Every structure is written in C-alpha cells, then in structure tokens.
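Visitor: mmCIF, C-alpha atoms, file model-v2.cif:
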data_protein
loop_
_atom_site.label_atom_id
_atom_site.label_comp_id
_atom_site.auth_asym_id
_atom_site.auth_seq_id
_atom_site.Cartn_x
_atom_site.Cartn_y
_atom_site.Cartn_z
CA MET Q 85 123.96 136.74 54.22
CA TYR Q 86 126.20 137.40 57.16
CA ALA Q 87 123.77 139.93 58.68
CA ASP Q 88 120.90 137.48 58.18
CA SER Q 89 122.53 134.73 60.14
CA MET Q 90 123.36 137.24 62.88
CA ASN Q 91 119.78 138.37 63.12
CA ASP Q 92 118.64 134.81 63.53
CA LYS Q 93 120.78 134.53 66.64
CA THR Q 94 119.41 137.71 68.20
CA PRO Q 95 116.21 136.69 69.94
CA ASN Q 96 114.96 140.03 71.35
CA THR Q 97 114.80 141.77 68.02
CA GLN Q 98 112.03 142.02 65.49
CA HIS Q 99 112.18 139.74 62.52
CA ALA Q 100 113.36 140.42 59.02
CA ARG Q 101 111.21 142.80 56.99
CA GLY Q 102 113.16 143.09 53.78
CA PRO Q 103 116.46 144.32 52.43
CA ALA Q 104 115.99 147.99 53.36
CA ASP Q 105 115.34 147.21 57.00
CA HIS Q 106 118.30 144.88 57.05
CA SER Q 107 120.56 147.58 55.88
CA VAL Q 108 119.27 149.93 58.60
CA ARG Q 109 119.89 147.23 61.22
CA ASP Q 110 123.37 146.78 59.85
CA ARG Q 111 124.05 150.49 60.02
CA ILE Q 112 122.91 150.60 63.63
CA VAL Q 113 125.01 147.58 64.60
CA GLU Q 114 128.03 148.97 62.76
CA ALA Q 115 127.71 152.39 64.41
CA ALA Q 116 127.20 150.78 67.82
CA ARG Q 117 130.27 148.63 67.32
CA GLU Q 118 132.31 151.75 66.53
CA HIS Q 119 130.88 153.57 69.49
CA PHE Q 120 131.29 150.73 71.99
CA SER Q 121 134.84 150.10 70.90
CA HIS Q 122 135.68 153.73 71.69
CA TYR Q 123 133.60 154.36 74.79
CA GLY Q 124 132.84 150.88 76.09
CA TYR Q 125 129.50 149.11 76.20
CA GLU Q 126 128.46 150.16 79.67
CA LYS Q 127 129.12 153.87 79.21
CA THR Q 128 127.22 154.23 75.92
CA THR Q 129 123.48 154.94 75.94
CA VAL Q 130 121.00 154.42 73.10
CA SER Q 131 120.73 158.24 72.94
CA ASP Q 132 124.49 158.49 72.34
CA LEU Q 133 124.15 155.97 69.55
CA ALA Q 134 121.17 157.75 68.01
CA LYS Q 135 123.11 161.01 67.94
CA ALA Q 136 126.14 159.35 66.41
CA ILE Q 137 124.16 157.80 63.54
CA GLY Q 138 121.82 160.74 63.10
CA PHE Q 139 118.68 158.66 63.80
CA SER Q 140 116.08 159.33 66.45
CA LYS Q 141 116.09 157.11 69.52
CA ALA Q 142 112.54 156.03 68.66
CA TYR Q 143 113.69 154.92 65.23
CA ILE Q 144 116.45 152.76 66.72
CA TYR Q 145 113.90 151.18 69.04
CA LYS Q 146 111.94 150.14 65.98
CA PHE Q 147 114.80 147.80 65.18
CA PHE Q 148 116.15 146.81 68.59
CA ASP Q 149 114.25 146.36 71.84
CA SER Q 150 117.14 147.53 74.01
CA LYS Q 151 120.81 148.35 74.17
CA GLN Q 152 121.41 144.74 75.13
CA ALA Q 153 119.78 143.58 71.89
CA ILE Q 154 122.30 145.71 69.97
CA GLY Q 155 125.10 144.40 72.18
CA GLN Q 156 123.99 140.86 71.44
CA ALA Q 157 124.04 141.46 67.70
CA ILE Q 158 127.63 142.69 68.04
CA CYS Q 159 128.60 139.78 70.26
CA SER Q 160 127.13 137.32 67.83
CA ARG Q 161 129.35 138.84 65.15
CA CYS Q 162 132.45 138.65 67.36
CA LEU Q 163 131.77 135.10 68.40
CA SER Q 164 130.80 134.07 64.88
CA ALA Q 165 134.11 135.42 63.63
CA ILE Q 166 135.71 132.90 66.00
CA THR Q 167 133.47 129.98 65.05
CA ASP Q 168 133.92 130.77 61.33
CA ALA Q 169 137.70 130.66 61.72
CA VAL Q 170 137.37 127.38 63.62
CA SER Q 171 135.12 125.78 60.99
CA GLU Q 172 137.54 126.83 58.28
CA SER Q 173 140.48 125.34 60.18
CA ILE Q 174 138.66 122.10 61.03
CA SER Q 175 137.67 121.60 57.40
CA GLN Q 176 141.37 121.26 56.61
CA GLY Q 177 141.92 118.63 59.29
CA THR Q 178 142.87 115.19 58.07
CA THR Q 179 141.81 113.07 61.09
CA PRO Q 180 139.58 113.54 64.17
CA THR Q 181 142.77 113.96 66.24
CA ASP Q 182 143.99 116.66 63.88
CA ARG Q 183 140.56 118.31 63.87
CA PHE Q 184 140.48 118.42 67.65
CA ARG Q 185 143.91 120.04 67.74
CA ARG Q 186 142.85 122.58 65.14
CA MET Q 187 139.62 123.36 66.91
CA PHE Q 188 141.21 124.19 70.25
CA GLU Q 189 144.20 125.98 68.77
CA THR Q 190 142.17 128.16 66.40
CA THR Q 191 139.59 129.07 69.02
CA VAL Q 192 142.31 130.29 71.37
CA ALA Q 193 144.35 132.03 68.68
CA THR Q 194 141.33 133.88 67.26
CA SER Q 195 140.10 134.87 70.72
CA VAL Q 196 143.50 136.15 71.77
CA HIS Q 197 143.85 138.05 68.50
CA MET Q 198 140.47 139.69 69.10
CA PHE Q 199 141.37 140.43 72.70
CA PHE Q 200 144.55 142.26 71.75
CA ASN Q 201 143.20 144.01 68.68
CA ASP Q 202 139.87 145.22 69.87
CA ARG Q 203 139.92 145.11 73.62
CA LYS Q 204 136.69 147.00 74.21
CA LEU Q 205 134.80 144.79 71.81
CA TYR Q 206 136.25 141.77 73.52
CA ASP Q 207 135.00 143.25 76.78
CA ILE Q 208 131.44 143.09 75.44
CA ALA Q 209 131.99 139.41 74.72
CA ALA Q 210 133.30 138.84 78.27
CA TYR Q 211 130.39 140.83 79.67
CA SER Q 212 127.92 138.79 77.64
CA VAL Q 213 129.32 135.59 79.12
CA ALA Q 214 129.16 136.94 82.67
CA GLU Q 215 125.56 138.02 82.09
CA LYS Q 216 124.67 134.79 80.27
CA TRP Q 217 123.32 136.52 77.18
CA PRO Q 218 121.77 134.19 74.58
CA SER Q 219 124.59 135.07 72.15
CA ALA Q 220 127.16 133.70 74.62
CA GLN Q 221 125.06 130.62 75.26
CA ALA Q 222 124.79 130.03 71.51
CA TYR Q 223 128.59 130.23 71.27
CA GLU Q 224 129.08 127.67 74.03
CA ASP Q 225 126.52 125.38 72.41
CA HIS Q 226 128.35 125.69 69.12
CA ILE Q 227 131.66 124.65 70.70
CA ARG Q 228 130.03 121.68 72.41
CA LYS Q 229 128.35 120.59 69.18
CA THR Q 230 131.57 120.82 67.21
CA LEU Q 231 133.36 118.87 69.91
CA MET Q 232 130.65 116.22 69.94
CA GLN Q 233 130.97 115.77 66.19
CA ILE Q 234 134.76 115.40 66.31
CA ILE Q 235 134.60 112.89 69.17
CA ARG Q 236 131.88 110.89 67.43
CA GLU Q 237 133.90 110.72 64.22
CA GLY Q 238 136.98 109.71 66.20
CA ARG Q 239 135.05 106.89 67.86
CA GLU Q 240 133.67 105.68 64.56
CA ALA Q 241 137.13 105.72 63.03
CA GLY Q 242 138.49 103.71 65.98
CA GLU Q 243 140.80 106.58 66.87
CA PHE Q 244 139.13 107.33 70.23
CA GLU Q 245 137.95 105.06 73.06
CA ARG Q 246 134.25 104.19 73.27
CA LYS Q 247 133.83 102.99 76.86
CA THR Q 248 133.02 106.39 78.39
CA PRO Q 249 129.49 107.70 77.70
CA LEU Q 250 129.80 110.20 74.84
CA ASP Q 251 128.13 113.01 76.79
CA ASP Q 252 130.56 112.62 79.71
CA THR Q 253 133.55 112.69 77.38
CA VAL Q 254 132.33 115.81 75.60
CA HIS Q 255 131.40 117.61 78.81
CA ALA Q 256 134.72 116.87 80.52
CA ILE Q 257 136.70 118.03 77.49
CA PHE Q 258 134.63 121.19 77.33
CA LEU Q 259 135.42 121.83 81.01
CA VAL Q 260 139.19 121.64 80.51
CA MET Q 261 139.04 123.80 77.38
CA GLU Q 262 136.77 126.36 79.03
CA PRO Q 263 139.43 128.51 80.74
CA TYR Q 264 140.87 129.21 77.27
CA VAL Q 265 137.72 129.49 75.16
CA ASN Q 266 135.47 131.40 77.54
CA PRO Q 267 136.29 135.11 77.05
CA LEU Q 268 135.66 135.84 80.72
CA LEU Q 269 138.20 133.28 81.94
CA LEU Q 270 140.70 133.70 79.11
CA GLN Q 271 141.56 137.15 80.45
CA HIS Q 272 143.13 135.53 83.51
CA ASN Q 273 145.06 133.00 81.48
CA LEU Q 274 146.69 135.19 78.85
CA ASP Q 275 150.17 134.66 80.26
CA GLN Q 276 150.05 130.93 79.58
CA VAL Q 277 148.15 131.04 76.32
CA ASP Q 278 151.16 130.13 74.19
CA GLU Q 279 151.83 126.82 75.87
CA ALA Q 280 148.86 125.67 77.92
CA PRO Q 281 146.37 124.83 75.14
CA ARG Q 282 148.89 122.47 73.54
CA GLN Q 283 149.60 120.74 76.85
CA ILE Q 284 145.88 120.40 77.54
CA THR Q 285 145.28 119.10 74.01
CA ASN Q 286 147.88 116.39 74.57
CA LEU Q 287 146.30 115.42 77.87
CA VAL Q 288 142.86 115.25 76.26
CA LEU Q 289 144.18 113.11 73.40
CA ARG Q 290 145.78 110.74 75.92
CA SER Q 291 142.40 110.49 77.67
CA LEU Q 292 140.78 109.64 74.33
CA ALA Q 293 143.18 106.83 73.48
CA PRO Q 294 141.31 103.57 72.82
CA MET X 232 154.25 124.65 115.89
CA TYR X 233 151.64 125.81 113.43
CA ALA X 234 152.69 129.46 113.68
CA ASP X 235 156.35 128.44 113.33
CA SER X 236 155.82 126.68 110.08
CA MET X 237 153.84 129.65 108.82
CA ASN X 238 156.60 132.08 109.64
CA ASP X 239 159.05 129.97 107.71
CA LYS X 240 157.00 130.49 104.59
CA THR X 241 156.93 134.28 104.91
CA PRO X 242 160.08 135.50 103.20
CA ASN X 243 159.92 139.28 103.72
CA THR X 244 159.73 139.10 107.47
CA GLN X 245 162.48 139.03 110.04
CA HIS X 246 163.52 135.68 111.37
CA ALA X 247 162.60 133.94 114.59
CA ARG X 248 163.99 135.50 117.72
CA GLY X 249 162.48 133.31 120.43
CA PRO X 250 159.11 132.41 121.92
CA ALA X 251 158.18 135.90 123.16
CA ASP X 252 158.65 137.45 119.71
CA HIS X 253 156.71 134.64 118.15
CA SER X 254 153.76 135.32 120.33
CA VAL X 255 153.86 139.02 119.42
CA ARG X 256 153.98 138.09 115.73
CA ASP X 257 151.03 135.78 116.26
CA ARG X 258 149.05 138.51 117.99
CA ILE X 259 149.70 140.90 115.12
CA VAL X 260 148.73 138.32 112.51
CA GLU X 261 145.62 137.35 114.46
CA ALA X 262 144.53 140.97 114.89
CA ALA X 263 145.22 141.71 111.24
CA ARG X 264 143.20 138.68 110.21
CA GLU X 265 140.26 139.95 112.28
CA HIS X 266 140.63 143.42 110.88
CA PHE X 267 141.01 142.39 107.24
CA SER X 268 138.05 140.07 107.46
CA HIS X 269 135.88 143.00 108.61
CA TYR X 270 137.27 145.82 106.52
CA GLY X 271 139.08 144.09 103.69
CA TYR X 272 142.82 143.96 103.03
CA GLU X 273 143.05 146.96 100.74
CA LYS X 274 141.16 149.36 103.01
CA THR X 275 143.13 148.60 106.16
CA THR X 276 146.36 150.50 106.91
CA VAL X 277 149.13 149.51 109.30
CA SER X 278 148.02 152.47 111.47
CA ASP X 279 144.51 151.00 111.71
CA LEU X 280 146.02 147.72 112.80
CA ALA X 281 148.30 149.35 115.33
CA LYS X 282 145.35 151.16 116.89
CA ALA X 283 143.28 147.98 116.99
CA ILE X 284 145.97 145.99 118.83
CA GLY X 285 147.16 148.84 121.00
CA PHE X 286 150.72 148.71 119.64
CA SER X 287 152.62 151.55 118.03
CA LYS X 288 153.08 151.46 114.27
CA ALA X 289 156.86 151.43 114.83
CA TYR X 290 156.55 148.35 117.03
CA ILE X 291 154.61 146.49 114.33
CA TYR X 292 157.29 147.39 111.81
CA LYS X 293 159.82 145.69 114.08
CA PHE X 294 158.07 142.43 113.21
CA PHE X 295 156.83 142.98 109.68
CA ASP X 296 158.41 144.98 106.88
CA SER X 297 155.09 146.01 105.36
CA LYS X 298 151.37 145.42 105.27
CA GLN X 299 152.01 142.90 102.51
CA ALA X 300 154.26 140.90 104.83
CA ILE X 301 151.37 140.64 107.30
CA GLY X 302 149.01 139.79 104.43
CA GLN X 303 151.40 137.05 103.34
CA ALA X 304 151.52 135.55 106.81
CA ILE X 305 147.71 135.40 106.79
CA CYS X 306 147.63 133.95 103.28
CA SER X 307 150.13 131.29 104.23
CA ARG X 308 147.79 130.29 107.05
CA CYS X 309 144.77 130.17 104.75
CA LEU X 310 146.60 128.21 102.10
CA SER X 311 148.22 125.93 104.66
CA ALA X 312 144.80 125.14 106.07
CA ILE X 313 143.99 123.84 102.60
CA THR X 314 147.20 121.87 102.11
CA ASP X 315 146.91 120.40 105.64
CA ALA X 316 143.39 119.16 104.87
CA VAL X 317 144.67 117.72 101.58
CA SER X 318 147.61 115.92 103.22
CA GLU X 319 145.28 114.44 105.82
CA SER X 320 142.90 113.23 103.12
CA ILE X 321 145.66 111.83 100.91
CA SER X 322 147.14 109.89 103.83
CA GLN X 323 143.92 107.90 103.93
CA GLY X 324 144.07 107.07 100.22
CA THR X 325 144.56 103.42 99.37
CA THR X 326 145.98 103.74 95.83
CA PRO X 327 147.54 106.51 93.71
CA THR X 328 144.22 106.75 91.83
CA ASP X 329 142.37 107.18 95.10
CA ARG X 330 144.96 109.68 96.33
CA PHE X 331 144.59 111.76 93.19
CA ARG X 332 140.81 111.83 93.59
CA ARG X 333 141.16 112.83 97.22
CA MET X 334 143.70 115.52 96.46
CA PHE X 335 141.58 117.32 93.90
CA GLU X 336 138.31 116.86 95.77
CA THR X 337 139.66 118.05 99.13
CA THR X 338 141.44 121.05 97.64
CA VAL X 339 138.25 122.23 96.00
CA ALA X 340 136.00 121.45 98.98
CA THR X 341 138.29 123.24 101.46
CA SER X 342 138.71 126.24 99.16
CA VAL X 343 134.99 126.56 98.59
CA HIS X 344 134.32 126.21 102.32
CA MET X 345 136.79 128.99 103.02
CA PHE X 346 135.31 131.12 100.26
CA PHE X 347 131.81 130.92 101.69
CA ASN X 348 132.77 131.16 105.33
CA ASP X 349 135.29 133.92 105.29
CA ARG X 350 134.88 135.75 102.05
CA LYS X 351 137.14 138.69 102.87
CA LEU X 352 139.94 136.40 103.95
CA TYR X 353 139.50 134.44 100.79
CA ASP X 354 139.78 137.73 98.90
CA ILE X 355 143.27 138.19 100.33
CA ALA X 356 144.17 134.76 98.98
CA ALA X 357 142.79 135.69 95.54
CA TYR X 358 144.62 139.02 95.69
CA SER X 359 147.86 137.25 96.62
CA VAL X 360 147.55 135.03 93.55
CA ALA X 361 146.84 137.99 91.26
CA GLU X 362 149.85 139.83 92.69
CA LYS X 363 152.03 136.70 92.65
CA TRP X 364 152.99 136.91 96.31
CA PRO X 365 155.54 134.30 97.46
CA SER X 366 152.85 132.70 99.68
CA ALA X 367 150.72 132.02 96.60
CA GLN X 368 153.71 130.70 94.68
CA ALA X 369 154.56 128.40 97.59
CA TYR X 370 150.99 127.07 97.49
CA GLU X 371 151.18 126.34 93.77
CA ASP X 372 154.54 124.62 94.23
CA HIS X 373 153.08 122.51 96.99
CA ILE X 374 150.22 121.34 94.76
CA ARG X 375 152.62 120.52 91.93
CA LYS X 376 154.90 118.59 94.28
CA THR X 377 152.04 116.58 95.73
CA LEU X 378 150.79 115.84 92.24
CA MET X 379 154.27 114.78 91.12
CA GLN X 380 154.52 112.36 94.03
CA ILE X 381 151.14 110.78 93.35
CA ILE X 382 151.88 110.38 89.63
CA ARG X 383 155.30 108.90 90.36
CA GLU X 384 153.83 106.37 92.79
CA GLY X 385 151.12 105.51 90.26
CA ARG X 386 153.74 104.88 87.58
CA GLU X 387 155.80 102.72 89.90
CA ALA X 388 152.73 100.72 90.86
CA GLY X 389 151.89 100.22 87.16
CA GLU X 390 148.62 102.09 87.66
CA PHE X 391 149.55 105.00 85.36
CA GLU X 392 151.15 105.13 81.92
CA ARG X 393 154.88 105.89 81.67
CA LYS X 394 155.32 106.97 78.05
CA THR X 395 154.71 110.69 78.60
CA PRO X 396 157.57 112.62 80.24
CA LEU X 397 156.68 112.96 83.93
CA ASP X 398 157.02 116.76 83.91
CA ASP X 399 154.62 117.09 80.98
CA THR X 400 152.07 114.88 82.67
CA VAL X 401 152.25 116.79 85.94
CA HIS X 402 152.14 120.18 84.25
CA ALA X 403 149.14 119.32 82.06
CA ILE X 404 147.20 117.94 85.02
CA PHE X 405 148.01 121.04 87.02
CA LEU X 406 146.66 123.16 84.17
CA VAL X 407 143.31 121.41 84.08
CA MET X 408 142.97 121.51 87.88
CA GLU X 409 143.99 125.16 88.06
CA PRO X 410 140.58 126.77 87.44
CA TYR X 411 139.35 125.00 90.58
CA VAL X 412 142.39 125.23 92.86
CA ASN X 413 143.53 128.77 92.06
CA PRO X 414 141.49 131.09 94.31
CA LEU X 415 141.43 133.80 91.65
CA LEU X 416 139.87 131.53 89.02
CA LEU X 417 137.70 129.49 91.38
CA GLN X 418 135.51 132.56 91.96
CA HIS X 419 134.32 132.34 88.35
CA ASN X 420 133.64 128.61 88.55
CA LEU X 421 131.64 128.36 91.75
CA ASP X 422 128.44 127.43 89.94
CA GLN X 423 129.96 124.25 88.57
CA VAL X 424 132.04 123.31 91.59
CA ASP X 425 129.81 120.42 92.62
CA GLU X 426 130.19 118.47 89.40
CA ALA X 427 133.13 119.73 87.37
CA PRO X 428 136.04 118.50 89.54
CA ARG X 429 134.71 114.94 89.42
CA GLN X 430 134.33 115.10 85.63
CA ILE X 431 137.83 116.51 85.26
CA THR X 432 139.23 113.88 87.63
CA ASN X 433 137.73 111.14 85.48
CA LEU X 434 139.19 112.67 82.34
CA VAL X 435 142.62 112.94 83.98
CA LEU X 436 142.46 109.32 85.14
CA ARG X 437 141.56 108.22 81.61
CA SER X 438 144.60 110.14 80.37
CA LEU X 439 146.77 108.32 82.92
CA ALA X 440 145.63 104.84 81.94
CA PRO X 441 148.60 102.63 81.00
#
Let me see the file written as structure tokens.
Guide:
Amino acid sequence: MYADSMNDKTPNTQHARGPADHSVRDRIVEAAREHFSHYGYEKTTVSDLAKAIGFSKAYIYKFFDSKQAIGQAICSRCLSAITDAVSESISQGTTPTDRFRRMFETTVATSVHMFFNDRKLYDIAAYSVAEKWPSAQAYEDHIRKTLMQIIREGREAGEFERKTPLDDTVHAIFLVMEPYVNPLLLQHNLDQVDEAPRQITNLVLRSLAP
Amino acid sequence: MYADSMNDKTPNTQHARGPADHSVRDRIVEAAREHFSHYGYEKTTVSDLAKAIGFSKAYIYKFFDSKQAIGQAICSRCLSAITDAVSESISQGTTPTDRFRRMFETTVATSVHMFFNDRKLYDIAAYSVAEKWPSAQAYEDHIRKTLMQIIREGREAGEFERKTPLDDTVHAIFLVMEPYVNPLLLQHNLDQVDEAPRQITNLVLRSLAP
C-alpha cells in the first residue's frame, strides 16, 4: 500500500507490473536509502547500488530510469512521512484554529526530527527542493492544499475573516511558513525552531481574525 | 561623517585618533573593499591587502586588529547603505502603515540591488550574518528598533491593535520579514523577491488591524 502510493508520485519510473516487481522496486529503494544515508546521495552511483544489492546495473535500470528516479522515490517516502504525521495530527484538531496550529507545529517537529536523526537522508530532501524535483513540488502542493482546506473551513465556521481573496491568504501564509517547512531553508533556522513557529502561528492567526 | 559613523560601529578596532588616522583607515577599508570584491573575502590575506595599498602589514595592524575587523568595517558600510536608504524612504511615509510598507520594500529592494551589483561584497555580508559578526547583529538590531518605532506609532495613532504585547508583535513581524532582509536567507529567496514581500506585508498589516 505504502509502496504503491510512493510509486504513483514518482513520474520517471515505469508503472506497476504486479506484486513481484513491486517488491523488487522496494528492495532497490530500501538498499539505496541505506546506501545514501551512509555515503550521501551525490557520492553514490547506480553501480555502487547494484553491487550492494547484488543486482546488475541493467536490472536496476529496468525499474528506475536514473539515480534521480531512485532519489525521488526515497524523497517521496521522507516527505510522506511528514505529511502522514501532519494528517494524523490535524485529524485530532477540534477547530480550524487548532488544526492550523497542529499543522505548522507537526510539520516543523517532524522535519527537525528527521533532520537530526537521519541527516544524510534529510540532505536528499533539501537537495530535491533545490533542484525542484517533482517529489518536492508534490510536497509543497500538499502543504498548500492542506492549508487551503483549513482556511476554507475556518471561513465557513466564521472563525477566519473572508474579505481577503482565499488564494492570497493561503499564499501569504505559505510564504511565512516556508522558512520552517522547506527543508532547504529550515537548515538555516534550526536555532530558532523551538520558538519561531509558535510566534509565526500567532501572527498568522491574528491576520485571520474576522 | 559617513566614515566616522561606520567606525563607531566596528567594535574590534582601535578608536579615533584624529583626521589623518581616519583617512588612513578609510584608504585601507576602500582598498580592502576593492580587493575583496575581486578576489572574495576568504581568499584575501592581510599581506595581499598590504601589497595592494603599498603599506606594510604591520602598519595595517596598527589600524585593524585582524582581517575580520576590516571585513566588519566593510560590512557596516554595506549594511548602513541599506539602513540609510530605508530611513530616507520611511521619512517620506505618511502613516505608520505606509512607513511599514516602505521599510520592508526598501530593505528588500536595496539588498537585492546590492546582491546583483556587487555579489562578492554581498557575500561578505552573508558571511558576516552566518558568523554572527557584531556588524550583522547591529544591522538586525537596527531593523528591530525601526520596526518597534513604527508599530508603537501605529498603536498610538489607533491604526494598529494593542492587545498583543508589543515585544511579541515586533518579534513575530521580524521573523516573517527575516527570510527577505537577512542576506544569508535572501539568497535562497531571490526568485520570489518581486512578489513575496508585498504578500507578506499585506498579511502583517492584516495581523495588525485593531
């Protein structure tokens, strides 16, 4: 299930061909993840990977067009781990205000956790953002969509103001969250990660007051 | 006048000793600025500088404790060029709202201008922020102070809300401006510099509504 949804988000790869192929894909992604987290994404070649798994390079290329395609599959997993945690947290929110708080807080906490626990993997995520990989774009789109839904619900419930065009509100909020949710920028902001998101959340909620 | 005020902001240097010394200091700073903007801050040594100006290394050390002290004097000039432009723009503002808009807009525009026109000099500014030089700290303090004054005036004029503690308001606004006013972060945000500050300004002004 999990692997399926990942594959859907990995454009440059061939499509599903059955359970056996899926499990090969999974093995490749898992081995690559191991390898990258030891040696870094940039230093690892597809040959290195092939050796590590005991497959031929040609066989790996049957499943992934390029190293980047493997990198993207890993990134999608990393970033999905964040969005899954966020969805879980939001589902426990009682009001749009509470859901917004949870969304921002959980995104930052999960990202920071990943950053400190698996630095090299996090580096792939940062790299993917810098290089505008589709996996990173999908992540940004997901955040914007979630935000849009929370703001819309807040407006319907009379909790948030409705004068500003919805798109402007969502875009501006995304911009002020960005330094803490974008893996590339978060690296520069780690020293204020304990306090800043809460302060920014409060500012955003003041801006949303009806 | 200009050089005087710069020297005042450069803590690790010896203090003023009269007009002749000032002009020597200025010559050193000017030559260093030239040199750094060709060869970069990190690659230039004090010996290189000494050769370029035709002074002995020992003579330069009579005026500056270290290469960093010279770098700081240059940074202070760069950053003061920004704060001078901002002060000038704010002085033409008609209301606290207008002054806030001008402040943010001018800071970003001047920084971006400097970035594109003298990239290597801008790099020193970014470096100074990363290394937390006193010149960079003084710049941040200046922005916070200016912001504090504008918010205070807006509250007194009834233009801005007064429920939130003033310090919290100022700090949160600083945080959302930071990615565009901090030279280190601005580099990552150049592709959205035309639109984002205006969007963020509007969000901030909504948050300030009484």
Visitor: Could you tell me which of X:Arg264, X:His344, X:Arg383, X:Lys351 comes closest to X:Gly302 if we count only C-alpha atoms?
Guide: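 Closest to X:Gly302, using only C-alpha atoms: X:Arg264.
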Visitor: With only C-alpha atoms as the basis for distance, which of Q:Val277, Q:Ala153, Q:Ala222, Q:Leu205 is at the shortest distance from chain X?
Guide: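 Smallest distance to chain X is found for Q:Val277.
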Visitor: Rounded to one decimal, what separation in Å do you get between atom CA of X:Arg333 and atom CA of X:Gln303?
Guide: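 Separation of atom CA of X:Arg333 and atom CA of X:Gln303: 27.0 Å.
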Visitor: Could you give me, as a Markdown table, a per-residue list for chain X showing, wherever an atom lies at most 10 Å from an atom of chain Q, the closest pair of atoms and their distance in Å to one decimal, using all atoms listed in the file and sorting by chain then residue number from low to high?
Guide:
| residue | atom | partner | partner_atom | distance |
| --- | --- | --- | --- | --- |
| X:Ala361 | CA | Q:His272 | CA | 8.9 |
| X:Glu392 | CA | Q:Arg290 | CA | 9.8 |
| X:Thr395 | CA | Q:Arg290 | CA | 9.3 |
| X:Asp399 | CA | Q:Gln283 | CA | 7.5 |
| X:Thr400 | CA | Q:Leu287 | CA | 7.5 |
| X:His402 | CA | Q:Gln283 | CA | 7.8 |
| X:Ala403 | CA | Q:Gln283 | CA | 5.4 |
| X:Ile404 | CA | Q:Leu287 | CA | 7.6 |
| X:Phe405 | CA | Q:Ile284 | CA | 9.7 |
| X:Leu406 | CA | Q:Ala280 | CA | 7.1 |
| X:Val407 | CA | Q:Val260 | CA | 5.5 |
| X:Met408 | CA | Q:Val260 | CA | 8.3 |
| X:Glu409 | CA | Q:Pro263 | CA | 9.3 |
| X:Pro410 | CA | Q:Pro263 | CA | 7.0 |
| X:Leu415 | CA | Q:His272 | CA | 8.5 |
| X:Leu416 | CA | Q:Leu269 | CA | 7.5 |
| X:His419 | CA | Q:Leu269 | CA | 7.6 |
| X:Asn420 | CA | Q:Leu269 | CA | 9.3 |
| X:Gln423 | CA | Q:Leu259 | CA | 9.6 |
| X:Ala427 | CA | Q:Leu259 | CA | 7.1 |
| X:Pro428 | CA | Q:Leu259 | CA | 9.2 |
| X:Arg429 | CA | Q:Ala256 | CA | 9.1 |
| X:Gln430 | CA | Q:Ala256 | CA | 5.4 |
| X:Ile431 | CA | Q:Ala256 | CA | 5.7 |
| X:Thr432 | CA | Q:Ala256 | CA | 8.9 |
| X:Asn433 | CA | Q:Ala256 | CA | 8.2 |
| X:Leu434 | CA | Q:Ser291 | CA | 6.1 |
| X:Val435 | CA | Q:Ser291 | CA | 6.8 |
| X:Leu436 | CA | Q:Ser291 | CA | 7.6 |
| X:Arg437 | CA | Q:Ser291 | CA | 4.6 |
| X:Ser438 | CA | Q:Ser291 | CA | 3.5 |
| X:Leu439 | CA | Q:Ser291 | CA | 7.2 |
| X:Ala440 | CA | Q:Ser291 | CA | 7.8 |
| X:Pro441 | CA | Q:Arg290 | CA | 10.0 |
Visitor: Using atom CA of Q:Val265 and atom CA of Q:Gly242 as the two end points, give the distance in Å to one decimal.
Guide: 27.4 Å
Visitor: Could you tell me, as a ChimeraX atom specification, exactly which residues end up selected when the PyMOL selection byres ((chain X and resi 378-380) around 8) is applied to this structure?
Guide: /X:331,374-377,381-384,397-398,401,405
Visitor: Smallest atom-to-atom distance to X:Glu387: which of X:Ser342, X:Thr326, X:Ser254, X:Thr337, using all atoms listed in the file?
Guide: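 Among the listed residues, the smallest separation from X:Glu387 belongs to X:Thr326.
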Visitor: Go through the shown structure with the PyMOL selection byres ((chain X and resi 258) around 12) and write out the matching residues as an NGL selection string.
Guide: :X and (234 or 251-257 or 259-265 or 280-281 or 283-286 or 291 or 294 or 301 or 304-305)
Visitor: Could you give me the axis-aligned bounding box of stretch 247-266 of chain Q, with 3 Å of padding per side, as centre plus edge lengths in Å to one decimal, as lines of an AutoDock Vina configuration file?
Guide:
center_x = 134.5
center_y = 117.2
center_z = 77.9
size_x = 18.7
size_y = 34.4
size_z = 12.2
Visitor: Using all atoms listed in the file, list the residues that have an atom at most 9 Å from (134.1, 142.7, 76.1), coordinates as in the file, as a PyMOL selection string.
Guide: chain Q and resi 124-125+159+199+202-212+267-268
Visitor: How many Å lie between atom CA of Q:Pro218 and atom CA of Q:Leu163, rounded to one decimal?
Guide: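 Separation of atom CA of Q:Pro218 and atom CA of Q:Leu163: 11.8 Å.
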